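Visitor: I'm passing along final-v4.txt; it holds compact mmCIF, C-alpha atoms and all ligand atoms.
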# COMPACT_ATOMS: atom_id res chain seq x y z
CA MET L 1 93.85 100.03 81.06
CA LYS L 2 92.23 101.65 78.01
CA ASP L 3 88.62 103.04 78.09
CA PHE L 4 88.21 102.13 81.72
CA ASP L 5 84.72 102.84 83.06
CA LEU L 6 84.66 102.27 86.82
CA TYR L 7 80.88 102.50 87.11
CA LYS L 8 80.36 99.60 84.69
CA LEU L 9 81.95 97.45 87.41
CA VAL L 10 79.84 98.80 90.28
CA ARG L 11 76.71 96.91 91.35
CA GLU L 12 73.47 98.67 90.34
CA ASN L 13 72.15 98.80 93.93
CA ILE L 14 75.38 100.45 95.10
CA LYS L 15 75.27 102.99 92.28
CA LYS L 16 71.72 103.91 93.33
CA LEU L 17 72.41 103.72 97.07
CA LYS L 18 71.59 106.77 99.14
CA PRO L 19 74.13 106.32 101.95
CA TYR L 20 73.35 106.73 105.63
CA SER L 21 73.93 110.30 106.63
CA SER L 22 75.14 110.59 110.20
CA ALA L 23 74.45 113.56 112.45
CA ARG L 24 78.12 114.52 112.44
CA THR L 25 78.41 114.46 108.64
CA GLU L 26 75.46 116.80 108.18
CA TYR L 27 76.80 119.55 110.47
CA SER L 28 80.23 121.00 109.73
CA GLY L 29 80.26 124.09 112.00
CA ASP L 30 81.77 124.52 115.44
CA ALA L 31 78.87 123.50 117.71
CA ALA L 32 78.92 123.91 121.48
CA VAL L 33 75.91 121.81 122.42
CA PHE L 34 75.49 118.37 120.88
CA LEU L 35 71.90 117.18 121.14
CA ASP L 36 71.72 115.60 117.70
CA ALA L 37 72.89 111.99 118.01
CA ASN L 38 71.16 110.58 121.11
CA GLU L 39 74.49 110.22 122.87
CA ASN L 40 74.84 110.45 126.64
CA SER L 41 76.09 113.83 127.83
CA TYR L 42 76.89 112.39 131.27
CA GLY L 43 79.44 110.02 129.73
CA SER L 44 80.69 106.84 131.34
CA PRO L 45 80.82 106.96 135.14
CA VAL L 46 83.94 104.77 135.02
CA LEU L 47 85.90 106.20 132.09
CA LEU L 48 85.94 109.85 133.13
CA PRO L 49 88.22 112.28 131.25
CA SER L 50 90.51 112.45 134.28
CA HIS L 51 91.04 108.67 134.15
CA SER L 52 91.79 108.35 130.51
CA GLY L 53 94.85 110.55 129.99
CA GLU L 54 95.19 112.74 126.89
CA GLY L 55 91.50 113.63 127.08
CA ALA L 56 90.35 110.47 125.28
CA GLY L 57 87.65 109.86 127.88
CA ALA L 58 86.23 113.32 127.27
CA ARG L 59 84.93 112.12 123.94
CA LEU L 60 84.11 108.50 124.64
CA ASN L 61 80.44 109.44 124.89
CA ARG L 62 80.50 111.00 121.40
CA TYR L 63 80.49 109.22 118.06
CA PRO L 64 83.95 109.40 116.42
CA ASP L 65 84.90 111.11 113.14
CA PRO L 66 83.23 108.89 110.48
CA LEU L 67 86.01 109.63 107.98
CA GLN L 68 88.99 109.61 110.37
CA TRP L 69 90.62 112.72 108.85
CA ASN L 70 93.24 113.14 111.52
CA LEU L 71 94.56 109.60 111.04
CA LYS L 72 94.33 109.89 107.25
CA ASN L 73 96.26 113.17 107.22
CA GLN L 74 99.07 111.50 109.15
CA LEU L 75 99.06 108.49 106.83
CA SER L 76 99.07 110.87 103.90
CA LYS L 77 102.34 112.44 105.06
CA ILE L 78 103.99 109.08 105.70
CA LYS L 79 102.85 107.42 102.46
CA GLY L 80 102.95 110.45 100.16
CA ILE L 81 99.33 109.82 99.07
CA PRO L 82 96.58 112.48 99.40
CA SER L 83 94.11 111.85 102.26
CA GLN L 84 91.21 111.69 99.75
CA ASN L 85 92.84 108.61 98.23
CA ILE L 86 92.90 106.73 101.53
CA PHE L 87 90.23 104.49 103.08
CA ILE L 88 90.59 103.02 106.57
CA GLY L 89 88.81 99.75 107.30
CA ASN L 90 88.21 97.78 110.48
CA GLY L 91 91.21 95.66 109.48
CA SER L 92 92.06 94.77 105.87
CA ASP L 93 89.33 92.19 106.21
CA GLU L 94 86.73 94.96 106.08
CA VAL L 95 88.38 96.37 102.94
CA ILE L 96 88.20 92.94 101.27
CA ASP L 97 84.55 92.48 102.22
CA LEU L 98 83.59 95.97 101.02
CA ALA L 99 85.31 95.37 97.68
CA TYR L 100 83.06 92.33 97.19
CA ARG L 101 79.94 94.24 98.21
CA ILE L 102 80.68 97.18 95.91
CA PHE L 103 81.79 95.34 92.79
CA CYS L 104 80.39 91.79 92.86
CA GLU L 105 76.85 90.77 92.02
CA PRO L 106 76.03 87.68 94.18
CA GLY L 107 75.39 84.59 92.08
CA LYS L 108 76.69 86.27 88.93
CA SER L 109 80.13 87.89 89.26
CA ASN L 110 83.38 86.04 89.82
CA VAL L 111 86.76 86.89 91.32
CA ILE L 112 90.21 85.39 90.80
CA ILE L 113 92.58 84.42 93.60
CA CYS L 114 95.98 82.73 93.38
CA PRO L 115 96.45 80.00 96.03
CA PRO L 116 98.26 79.34 98.21
CA THR L 117 97.36 82.78 99.53
CA TYR L 118 95.61 84.69 102.31
CA GLY L 119 92.44 82.81 103.28
CA MET L 120 90.02 85.72 103.63
CA TYR L 121 89.82 86.42 99.88
CA LYS L 122 87.99 83.11 99.45
CA VAL L 123 85.99 83.25 102.68
CA CYS L 124 84.63 86.71 101.78
CA GLY L 125 83.70 85.41 98.32
CA ASN L 126 81.79 82.53 99.88
CA ILE L 127 80.04 84.85 102.35
CA ASN L 128 78.99 87.16 99.53
CA ASP L 129 77.90 84.27 97.26
CA VAL L 130 80.44 85.21 94.60
CA LYS L 131 82.22 82.53 92.56
CA VAL L 132 85.91 82.33 93.44
CA LYS L 133 88.14 81.07 90.62
CA GLU L 134 91.37 79.65 91.99
CA ILE L 135 94.39 79.82 89.70
CA ASN L 136 97.28 78.32 91.66
CA LEU L 137 100.66 79.99 91.70
CA THR L 138 103.34 78.33 89.57
CA HIS L 139 105.77 75.92 91.22
CA ASP L 140 108.13 78.77 92.02
CA PHE L 141 105.22 80.60 93.71
CA GLN L 142 104.76 83.17 90.93
CA LEU L 143 101.58 84.36 89.21
CA ASP L 144 100.36 82.12 86.42
CA VAL L 145 99.57 85.09 84.19
CA GLU L 146 98.42 83.08 81.20
CA ASN L 147 95.94 80.97 83.15
CA ILE L 148 94.68 83.97 85.12
CA LEU L 149 93.82 85.79 81.88
CA GLU L 150 92.39 82.60 80.42
CA ALA L 151 90.05 82.25 83.42
CA THR L 152 88.94 85.88 83.16
CA ASP L 153 85.55 86.62 81.59
CA ILE L 154 83.06 89.48 81.37
CA ASN L 155 81.81 88.73 84.88
CA SER L 156 85.28 88.89 86.48
CA ARG L 157 85.25 91.78 88.91
CA LEU L 158 88.20 91.39 91.30
CA LEU L 159 91.71 89.94 91.05
CA PHE L 160 93.55 89.50 94.36
CA ILE L 161 97.36 89.62 94.25
CA CYS L 162 99.21 89.24 97.53
CA SER L 163 102.80 90.51 97.42
CA PRO L 164 104.75 89.57 99.47
CA ASN L 165 102.47 86.57 99.52
CA ASN L 166 101.14 84.88 102.62
CA PRO L 167 102.04 82.01 103.27
CA THR L 168 104.90 81.66 100.75
CA GLY L 169 106.69 84.88 101.75
CA ASN L 170 107.90 85.88 98.27
CA ASN L 171 107.22 88.92 96.11
CA MET L 172 105.30 88.50 92.88
CA ASN L 173 107.21 89.58 89.75
CA ARG L 174 106.49 93.24 89.14
CA ILE L 175 106.24 92.82 85.38
CA ASP L 176 103.58 90.11 85.81
CA ILE L 177 101.59 92.36 88.15
CA GLU L 178 101.78 95.25 85.67
CA LEU L 179 100.71 93.00 82.83
CA LEU L 180 97.70 91.86 84.83
CA ILE L 181 96.67 95.38 85.85
CA ASN L 182 96.83 96.35 82.17
CA ASN L 183 94.78 93.40 80.96
CA PHE L 184 92.36 92.44 83.73
CA PRO L 185 88.95 93.99 82.97
CA GLY L 186 87.99 94.44 86.63
CA ILE L 187 89.62 95.81 89.78
CA VAL L 188 93.08 94.54 90.78
CA LEU L 189 93.69 94.49 94.55
CA ILE L 190 97.33 94.25 95.53
CA ASP L 191 97.58 93.21 99.16
CA GLU L 192 100.79 94.70 100.54
CA ALA L 193 100.27 93.67 104.17
CA TYR L 194 103.97 92.72 104.42
CA ILE L 195 105.47 95.41 102.16
CA ASN L 196 107.50 97.05 104.95
CA TYR L 197 109.63 93.91 105.21
CA SER L 198 110.09 93.60 101.47
CA ARG L 199 112.87 94.69 99.14
CA GLN L 200 110.25 95.28 96.45
CA LYS L 201 108.85 98.75 95.90
CA SER L 202 105.20 99.31 96.79
CA PHE L 203 102.63 99.92 94.03
CA LEU L 204 101.39 103.04 95.85
CA GLN L 205 103.18 105.35 93.42
CA GLU L 206 101.46 103.58 90.53
CA LEU L 207 97.95 104.60 91.63
CA THR L 208 97.86 107.63 89.37
CA GLU L 209 98.79 105.37 86.45
CA TYR L 210 96.06 102.74 86.94
CA GLU L 211 92.38 103.55 87.54
CA ASN L 212 91.53 99.91 88.29
CA LEU L 213 94.06 99.49 91.10
CA ILE L 214 93.50 99.23 94.85
CA VAL L 215 96.59 98.87 97.06
CA MET L 216 95.87 97.38 100.47
CA GLN L 217 98.16 97.77 103.46
CA THR L 218 97.62 97.34 107.19
CA LEU L 219 98.86 98.67 110.52
CA SER L 220 98.66 95.11 111.92
CA LYS L 221 102.13 93.98 110.88
CA ALA L 222 105.11 96.35 110.70
CA TRP L 223 103.31 98.96 112.82
CA GLY L 224 102.54 96.37 115.51
CA LEU L 225 98.86 97.30 115.94
CA ALA L 226 96.94 94.12 115.10
CA ALA L 227 94.54 94.64 118.02
CA LEU L 228 93.43 98.10 116.81
CA ARG L 229 92.11 96.71 113.49
CA LEU L 230 93.36 99.39 111.10
CA GLY L 231 93.42 98.19 107.49
CA LEU L 232 94.22 100.61 104.68
CA ALA L 233 93.13 100.92 101.08
CA PHE L 234 94.69 103.38 98.63
CA ALA L 235 92.93 104.05 95.34
CA SER L 236 91.44 106.70 93.04
CA GLU L 237 89.10 109.21 94.70
CA LYS L 238 86.16 107.63 92.87
CA ILE L 239 86.90 104.20 94.34
CA ILE L 240 87.45 105.65 97.82
CA GLU L 241 84.08 107.46 97.56
CA LEU L 242 82.40 104.11 96.88
CA PHE L 243 84.04 102.56 99.94
CA ASN L 244 82.91 105.51 102.09
CA LYS L 245 79.38 105.17 100.74
CA VAL L 246 79.07 101.49 101.67
CA LYS L 247 81.00 101.26 104.97
CA PRO L 248 79.19 101.36 108.33
CA PRO L 249 79.08 105.03 109.45
CA TYR L 250 81.54 104.71 112.37
CA ASN L 251 83.64 101.76 111.28
CA ILE L 252 86.78 102.91 113.13
CA ASN L 253 86.26 103.48 116.83
CA LEU L 254 87.74 106.46 118.66
CA SER L 255 90.36 104.48 120.60
CA SER L 256 91.71 103.00 117.37
CA GLN L 257 91.77 106.42 115.71
CA GLN L 258 93.60 108.04 118.62
CA LEU L 259 96.01 105.21 119.38
CA GLY L 260 96.69 104.74 115.66
CA ALA L 261 97.51 108.44 115.31
CA LYS L 262 99.86 108.25 118.28
CA ALA L 263 101.62 105.15 116.93
CA LEU L 264 102.16 106.79 113.54
CA THR L 265 104.42 109.42 115.11
CA ALA L 266 107.11 106.78 115.75
CA VAL L 267 108.28 106.23 112.15
CA GLU L 268 111.98 105.92 113.02
CA GLU L 269 111.41 103.45 115.86
CA VAL L 270 109.16 101.36 113.63
CA ASN L 271 111.86 101.29 110.96
CA THR L 272 114.35 100.09 113.58
CA ASN L 273 111.92 97.32 114.58
CA ILE L 274 111.56 96.30 110.94
CA LYS L 275 115.36 96.06 110.62
CA ASN L 276 115.53 94.00 113.82
CA ILE L 277 112.88 91.58 112.59
CA ILE L 278 114.69 91.16 109.27
CA GLU L 279 117.93 90.53 111.21
CA GLN L 280 116.15 87.97 113.41
CA LYS L 281 114.80 86.31 110.28
CA LYS L 282 118.35 85.82 108.94
CA ILE L 283 119.49 84.33 112.25
CA LEU L 284 116.47 82.01 112.39
CA GLN L 285 116.95 80.93 108.75
CA GLU L 286 120.55 79.98 109.52
CA GLN L 287 119.61 78.09 112.67
CA LEU L 288 116.74 76.27 110.95
CA SER L 289 119.05 75.12 108.18
CA GLN L 290 120.96 72.87 110.65
CA PHE L 291 117.96 70.53 111.10
CA SER L 292 117.91 67.56 108.78
CA PHE L 293 114.10 67.20 109.07
CA ILE L 294 113.70 70.65 107.49
CA GLN L 295 114.00 70.00 103.80
CA LYS L 296 113.50 73.51 102.54
CA ILE L 297 113.48 77.04 103.87
CA TYR L 298 111.75 79.22 101.31
CA PRO L 299 113.17 82.71 100.75
CA SER L 300 111.05 85.32 102.50
CA ASP L 301 110.42 89.04 102.01
CA ALA L 302 107.98 89.07 104.92
CA ASN L 303 108.06 88.68 108.73
CA PHE L 304 107.57 84.91 108.52
CA ILE L 305 109.26 81.91 106.95
CA LEU L 306 107.69 78.96 105.16
CA ILE L 307 109.52 75.68 105.75
CA LYS L 308 109.04 72.23 104.22
CA THR L 309 109.55 69.39 106.67
CA ASN L 310 109.48 65.60 106.50
CA ASP L 311 106.19 65.50 108.45
CA ALA L 312 104.42 68.82 109.09
CA ASP L 313 101.59 67.38 111.20
CA LYS L 314 103.99 65.59 113.52
CA LEU L 315 106.24 68.63 113.93
CA TYR L 316 103.21 70.87 114.49
CA GLN L 317 101.92 68.55 117.24
CA CYS L 318 105.35 68.35 118.84
CA LEU L 319 105.65 72.15 118.96
CA SER L 320 102.14 72.71 120.24
CA ALA L 321 102.75 70.14 122.99
CA GLN L 322 105.55 72.50 124.04
CA LYS L 323 103.12 75.44 123.85
CA ILE L 324 104.62 76.86 120.65
CA ILE L 325 102.08 77.65 117.98
CA VAL L 326 103.09 77.89 114.33
CA ARG L 327 100.77 77.73 111.32
CA ASN L 328 100.31 74.38 109.62
CA ARG L 329 99.83 75.12 105.92
CA SER L 330 100.28 71.57 104.70
CA LYS L 331 96.73 71.29 103.33
CA GLU L 332 97.25 74.29 101.02
CA PRO L 333 98.10 73.73 97.35
CA LEU L 334 101.88 73.56 96.69
CA CYS L 335 102.49 73.54 100.46
CA GLU L 336 102.63 69.84 101.26
CA ASN L 337 104.36 69.34 104.64
CA CYS L 338 104.84 73.08 105.07
CA LEU L 339 104.71 75.12 108.26
CA ARG L 340 104.69 78.89 108.44
CA ILE L 341 106.70 80.42 111.25
CA THR L 342 106.33 84.06 112.30
CA ILE L 343 109.58 85.78 113.30
CA GLY L 344 109.33 86.47 117.01
CA ASN L 345 111.63 88.37 119.33
CA PRO L 346 115.07 86.82 120.08
CA GLU L 347 113.78 84.99 123.18
CA GLU L 348 110.81 83.48 121.37
CA ASN L 349 112.98 82.43 118.44
CA GLN L 350 115.46 80.72 120.74
CA ILE L 351 112.67 78.86 122.56
CA LEU L 352 111.57 77.60 119.15
CA ILE L 353 115.09 76.44 118.23
CA LYS L 354 115.47 74.63 121.59
CA SER L 355 112.17 72.82 121.03
CA LEU L 356 113.20 71.85 117.51
CA LYS L 357 116.39 70.35 118.91
CA LYS L 358 114.21 68.09 121.09
CA TYR L 359 112.24 66.98 118.03
CA GLU L 360 115.41 65.99 116.25
C1 LIG C 401 98.07 89.04 103.27
C2 LIG C 401 97.26 89.51 104.41
N1 LIG C 401 96.37 90.48 104.22
C3 LIG C 401 95.61 90.94 105.21
C4 LIG C 401 95.73 90.43 106.49
C5 LIG C 401 94.82 90.93 107.57
O1 LIG C 401 95.16 92.21 107.94
P1 LIG C 401 94.28 92.99 108.99
O2 LIG C 401 94.84 92.66 110.34
O3 LIG C 401 94.49 94.43 108.61
O4 LIG C 401 92.85 92.57 108.85
C6 LIG C 401 96.64 89.40 106.74
C7 LIG C 401 96.74 88.83 108.08
O5 LIG C 401 97.41 87.88 108.38
C8 LIG C 401 97.43 88.94 105.67
O6 LIG C 401 98.31 87.95 105.83
Would you encode the structure as structure tokens?

Guide:
Amino acid sequence: MKDFDLYKLVRENIKKLKPYSSARTEYSGDAAVFLDANENSYGSPVLLPSHSGEGAGARLNRYPDPLQWNLKNQLSKIKGIPSQNIFIGNGSDEVIDLAYRIFCEPGKSNVIICPPTYGMYKVCGNINDVKVKEINLTHDFQLDVENILEATDINSRLLFICSPNNPTGNNMNRIDIELLINNFPGIVLIDEAYINYSRQKSFLQELTEYENLIVMQTLSKAWGLAALRLGLAFASEKIIELFNKVKPPYNINLSSQQLGAKALTAVEEVNTNIKNIIEQKKILQEQLSQFSFIQKIYPSDANFILIKTNDADKLYQCLSAQKIIVRNRSKEPLCENCLRITIGNPEENQILIKSLKKYE
């Protein structure tokens, strides 16, 4: 993107904002007595250090590291991205919301999303009173580049691209994404929540190339940590500084920081799990193809499959009556009669197949 000026895209109030300065950010020495943050030196009478293992309880009475450097340094090694280019949010949902609050002027700016896609892009727009322009994917679930650029105007601040896309499961064409990053006048957010399951290369290595790019990932999927709420954003240092300025001071709690750091040591085991899930997906795809009421099984580069059935509502009801919950996406554009099925473990997948046999 030629002549890119990040600060032209930043809201005036955010540019002027004097961020909250926490007690722990102001002091960088090696203090022995902490009487600065109105914590409780007695700690919790229940969660004593001796109960918590690994000393976690010893610090539960103290505010955690506001910038999560330990976790970021580990992510940095795994992803090959400097720690200063990483932001950690309370789930990707916090990253999405912060992007709106930094770049979008309520009642004036607009963003572009490409349905059917992840629902929070639109919800966050509505919460922040920002107009959300919806340019549907093409019939083969690809980006409608021409119409996206046509819908873009001087008030367009964010473009959300989800690849692999939820709920369709496919990757967006790389050339289309590159074309959009080069021509969209605002920030392009590529949501790579499912990238670990994909054959497509991440855009992380492209960050140095594009100043208007934010790559989002999460520890909720391949890393199996949805409950910890650890969403990741990778971007230029300038963009990361803006996120740090606007986020709540202690947005990632200590348990999430410590458990996240522990989980990140198991790279090989996680890769084995990813392979197993992809293997399970193949088995499930084959087994699903035997049912005549399933008209289409869409190709998937994620840990879920989108299927088109003869009657999605009826099948959904039938499965939920058997206590199996899938996601009914049939009200989404281009997804008439479609259900989205997450790949479970072998037992769960076989329970699903048994139930489908009853439906037939
Ligand atoms: C595309 C996409 N992005 C983000 C998320 C949310 O991630 P997190 O758990 O980090 O908030 C989801 C969750 O389903 C998703 O499908």

Visitor: Show me which residues are within 9 Å of ligand LIG 401 (chain C) counting only C-alpha atoms and all ligand atoms, and format the list as an NGL selection string.

Guide: :L and (89-96 or 117-121 or 162-167 or 191-194 or 216-221 or 225-232)

Visitor: Pick from L:Lys323, L:Arg340, L:Lys108, L:Lys245: nearest to L:Ile297, with only C-alpha atoms counted?

Guide: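 Between L:Lys323, L:Arg340, L:Lys108, L:Lys245, the residue approaching L:Ile297 most closely is L:Arg340.
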
Visitor: Can you tell me which residues surround stretch 206-211 of chain L at a distance of at most 9 Å, considering only C-alpha atoms, apart from same-chain residues fewer than 5 positions away, and format the answer as a ChimeraX atom specification?

Guide: /L:1,4-6,181-182,187,234-236,239

Visitor: Keeping only C-alpha atoms, take the residues you just selected and write them out as a PDB file, keeping the file's coordinate frame.

Guide:
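Output file again.pdb follows:
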ATOM      1  CA  MET L   1      93.850 100.030  81.060  1.00  0.00           C
ATOM      2  CA  PHE L   4      88.210 102.130  81.720  1.00  0.00           C
ATOM      3  CA  ASP L   5      84.720 102.840  83.060  1.00  0.00           C
ATOM      4  CA  LEU L   6      84.660 102.270  86.820  1.00  0.00           C
ATOM      5  CA  ILE L 181      96.670  95.380  85.850  1.00  0.00           C
ATOM      6  CA  ASN L 182      96.830  96.350  82.170  1.00  0.00           C
ATOM      7  CA  ILE L 187      89.620  95.810  89.780  1.00  0.00           C
ATOM      8  CA  PHE L 234      94.690 103.380  98.630  1.00  0.00           C
ATOM      9  CA  ALA L 235      92.930 104.050  95.340  1.00  0.00           C
ATOM     10  CA  SER L 236      91.440 106.700  93.040  1.00  0.00           C
ATOM     11  CA  ILE L 239      86.900 104.200  94.340  1.00  0.00           C
TER      12      ILE L 239
END

Visitor: May I ask for the distance between atom CA of L:Asp144 and atom CA of L:Thr309, given in Å to one decimal place?

Guide: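 Separation between atom CA of L:Asp144 and atom CA of L:Thr309: 25.6 Å.
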
Visitor: When you draw a straight line from atom CA of L:Asp176 to atom CA of L:Ile214, how long is it in Å?

Guide: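 These two atoms are separated by 16.3 Å.
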
Visitor: Extract, using only C-alpha atoms, all DNA, RNA and protein residues at most 7 Å from L:Ser300, discarding same-chain residues fewer than 5 positions from it, and format them as a list of chain:residue names.

Guide: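 Everything that qualifies: L:Gly169, L:Asn170, L:Ile305.
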
Visitor: For each of L:Asp313, L:Ile274, L:Leu356, L:Ser255, take the minimum atom-to-atom distance to L:Ser292, counting all atoms listed in the file, then give the residue where this is smallest.

Guide: L:Leu356

Visitor: One number please: atom CA of L:Gln205 to atom CA of L:Thr138, in Å, one decimal.

Guide: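 Interatomic distance, atom CA of L:Gln205 to atom CA of L:Thr138: 27.3 Å.
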
Visitor: Name all residues at most 10 Å from L:Ile278 (count all atoms listed in the file; drop same-chain ones fewer than 2 positions away) and give them as a list in words.

Guide: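 My list of contacting residues is Tyr197, Ser198, Thr272, Asn273, Ile274, Lys275, Asn276, Gln280, Lys281, Lys282, Ile283, Leu284, Ser300, Asp301, Ala302, Asn303, Phe304 and Ile343 of chain L.
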
Visitor: Residues near stretch 58-73 of chain L, anyone? I mean within 6 Å using only C-alpha atoms, not counting same-chain ones fewer than 4 positions away, as a list in words.

Guide: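 Counting only the stated atoms, we get Asn40, Gly43, Pro49, Ser83, Pro249, Tyr250, Leu254 and Ala261 of chain L.
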
Visitor: Dig up all the protein and nucleic acid residues within 7 Å of (108.1, 83.6, 91.9) in the file frame, using all atoms listed in the file, and format them as a JSON list (two decimals) with C-alpha atoms, in the frame of the given file.

Guide:
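Output saved as selection-v2.json:
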[["chain", "number", "residue", "atom", "x", "y", "z"],
["L", 140, "ASP", "CA", 108.13, 78.77, 92.02],
["L", 141, "PHE", "CA", 105.22, 80.60, 93.71],
["L", 142, "GLN", "CA", 104.76, 83.17, 90.93],
["L", 170, "ASN", "CA", 107.90, 85.88, 98.27],
["L", 171, "ASN", "CA", 107.22, 88.92, 96.11],
["L", 172, "MET", "CA", 105.30, 88.50, 92.88],
["L", 173, "ASN", "CA", 107.21, 89.58, 89.75]]

Visitor: Extract, using all atoms listed in the file, all DNA, RNA and protein residues at most 10 Å from L:Gly107, discarding same-chain residues fewer than 2 positions from it, and format them as a PyMOL selection string.

Guide: chain L and resi 104-105+109-110+128-131

Visitor: Write the residues you've just listed into a file as a PDB file, keeping the file's coordinate frame, and include C-alpha atoms for each of them.

Guide:
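For reference, again.pdb as written:
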ATOM      1  CA  CYS L 104      80.390  91.790  92.860  1.00  0.00           C
ATOM      2  CA  GLU L 105      76.850  90.770  92.020  1.00  0.00           C
ATOM      3  CA  SER L 109      80.130  87.890  89.260  1.00  0.00           C
ATOM      4  CA  ASN L 110      83.380  86.040  89.820  1.00  0.00           C
ATOM      5  CA  ASN L 128      78.990  87.160  99.530  1.00  0.00           C
ATOM      6  CA  ASP L 129      77.900  84.270  97.260  1.00  0.00           C
ATOM      7  CA  VAL L 130      80.440  85.210  94.600  1.00  0.00           C
ATOM      8  CA  LYS L 131      82.220  82.530  92.560  1.00  0.00           C
TER       9      LYS L 131
END

Visitor: For each of L:Ile112, L:Ile341, L:Ile102, L:Leu159, take the minimum atom-to-atom distance to L:Asn212, counting all atoms listed in the file, then give the residue where this is smallest.

Guide: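 Smallest distance to L:Asn212 is found for L:Leu159.
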
Visitor: Ranking L:Leu242, L:Glu286, L:Lys296, L:Ala263 by minimum distance to L:Lys18 and counting all atoms listed in the file, which one comes first?

Guide: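 Among the listed residues, the smallest separation from L:Lys18 belongs to L:Leu242.
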
Visitor: Counting all atoms listed in the file, figure out which residue out of L:Tyr359, L:Glu39, L:Gln285, L:Leu352 gets nearest to L:Cys318.

Guide: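 That would be L:Tyr359, the residue with the smallest distance to L:Cys318.
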
Visitor: Which one of L:Ala222, L:Ser22, L:Tyr316, L:Leu47 sits closest to L:Ala266 if you count all atoms listed in the file?

Guide: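 Selected residue with least distance to L:Ala266: L:Ala222.
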